[in-house]
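Okay, so here's the structure we're looking at.
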Amino acid sequence: REVLEPSAPRAFAVLDPIKLTITNWPEGKVEEFEADAHPKRPELGVRKIPFSGSVYIDAEDFNEEPPKGYFRLTPGGQARLRFAYVVTCDEVVKDKDGKVVELKCTYDPDTRAGATPEGAKKVKGIIQWVSEEHGVPCEVRLYDRLFKAASPGAEHDGDFLKDINP
């Protein structure tokens, strides 16, 4: 992580997707947003992010019964799609088992690219997304810590192998 942090360009990824359909988005319309390829390295340039009326967000970014202090998307609530628009969740669609499979939302065109209209309350929750039409399938490998202990081997006569995280 420390090796990649200063050099790796940024991208969006959604690991546990929920479809978010923007019901008031003009059919067939695609917009592009620009974002820095790296927040601390402007010399890496910018990336273009296509946006359409159907995106995926991570399931973690939606909660039907949010705890206090939860600022992401909720039924009837608002959140900003990073670099794009503020959306309001109007309807939650579930499958026969009760699992959330789609969120039907409306967007506010006056909130493009971080804008907050005069008199409107600033939205605290910002979530990442991937355009359904433009997203690219990928393989993601998630890793945990290599060792179970802060000082590997300290409690096992120096045998750090006994502290390897299975």
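Residues in the structure tokens are numbered from 1 in each chain, the chains being A, B, ... in the order shown, and ligands are numbered from 1 in the order shown.
For Gly153 (chain A), the set of protein, DNA and RNA residues having any atom at most 8 Å away, when counting only C-alpha atoms and skipping those fewer than 5 positions along the same chain, is Gly158, Asp159, Phe160, Leu161, Lys162 and Asp163 of chain A.
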All residues 10 Å or closer to region 31-35 of chain A, only C-alpha atoms, same chain fewer than 5 positions away omitted, as a PyMOL selection string: chain A and resi 10-11+45-53+82-84+112-113
Could you check which of A:Lys19, A:Arg41, A:Lys29, A:Arg80 is closest to Lys124 (chain A), using only C-alpha atoms?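 Closest candidate: A:Arg80.
For region 62-141 of chain A, a DSSP pass over the backbone yields helix (DSSP H, G or I) at Pro109, Asp110, Thr111, Arg112, Ala113 and Gly114 of chain A.
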Contact residues around Thr23 (chain A) with only C-alpha atoms at 12 Å, ignoring same-chain residues under 4 positions, as a list in words: Glu27, Ser52, Gly53, Ser54, Val55, Val87, Thr88, Cys89, Asp90, Glu91, Glu102, Leu103, Lys104, Cys105, Thr106, Tyr107 and Asp108 of chain A
Selection export as a PDB file, in the first residue's frame, atoms kept: C-alpha atoms:
```
ATOM      1  CA  GLU A  27     -32.815   8.613 -22.028  1.00  0.00           C
ATOM      2  CA  SER A  52     -25.347   7.806 -17.626  1.00  0.00           C
ATOM      3  CA  GLY A  53     -28.779   7.332 -16.095  1.00  0.00           C
ATOM      4  CA  SER A  54     -27.944   3.930 -14.678  1.00  0.00           C
ATOM      5  CA  VAL A  55     -25.005   3.397 -12.331  1.00  0.00           C
ATOM      6  CA  VAL A  87     -29.398  12.057  -5.993  1.00  0.00           C
ATOM      7  CA  THR A  88     -32.472  11.433  -3.846  1.00  0.00           C
ATOM      8  CA  CYS A  89     -33.577   7.845  -3.213  1.00  0.00           C
ATOM      9  CA  ASP A  90     -37.285   7.655  -4.071  1.00  0.00           C
ATOM     10  CA  GLU A  91     -37.879   3.894  -4.235  1.00  0.00           C
ATOM     11  CA  GLU A 102     -32.221  -1.539  -7.317  1.00  0.00           C
ATOM     12  CA  LEU A 103     -32.642   2.012  -6.104  1.00  0.00           C
ATOM     13  CA  LYS A 104     -34.787   4.405  -8.111  1.00  0.00           C
ATOM     14  CA  CYS A 105     -33.572   7.933  -7.620  1.00  0.00           C
ATOM     15  CA  THR A 106     -33.924  11.423  -9.030  1.00  0.00           C
ATOM     16  CA  TYR A 107     -31.010  13.779  -9.608  1.00  0.00           C
ATOM     17  CA  ASP A 108     -30.750  17.528  -9.228  1.00  0.00           C
TER      18      ASP A 108
END
```
List every residue of chain A that DSSP, applied to the backbone of this structure, assigns to strand (DSSP E or B), and report them as number ranges by chain. A: 17-22, 31-36, 46-51, 54-58, 62, 73, 78-81, 86-94, 100-108, 126-127, 129-131, 147, 164
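Nearest residue to Ser151 (chain A), choosing from A:Lys96, A:Ile164, A:Asp61, A:Thr74 and counting only C-alpha atoms: A:Ile164.
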For CA of Lys121 (chain A) and CA of Pro26 (chain A), determine how far apart the two atoms are, in Å to one decimal place. 25.0 Å
In Å, rounded to a single decimal, give me how far CA of Pro9 (chain A) is from CA of Leu44 (chain A).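 Result for CA of Leu44 (chain A) versus CA of Pro9 (chain A): 7.5 Å, one decimal.
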Could you name the residues that touch Ala59 (chain A) at 7 Å or less, counting only C-alpha atoms, but leaving out those on the same chain fewer than 4 positions away, as a PyMOL selection string? chain A and resi 16-18
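Take CA of Val14 (chain A) and CA of Lys148 (chain A): the distance between them is 27.8 Å.
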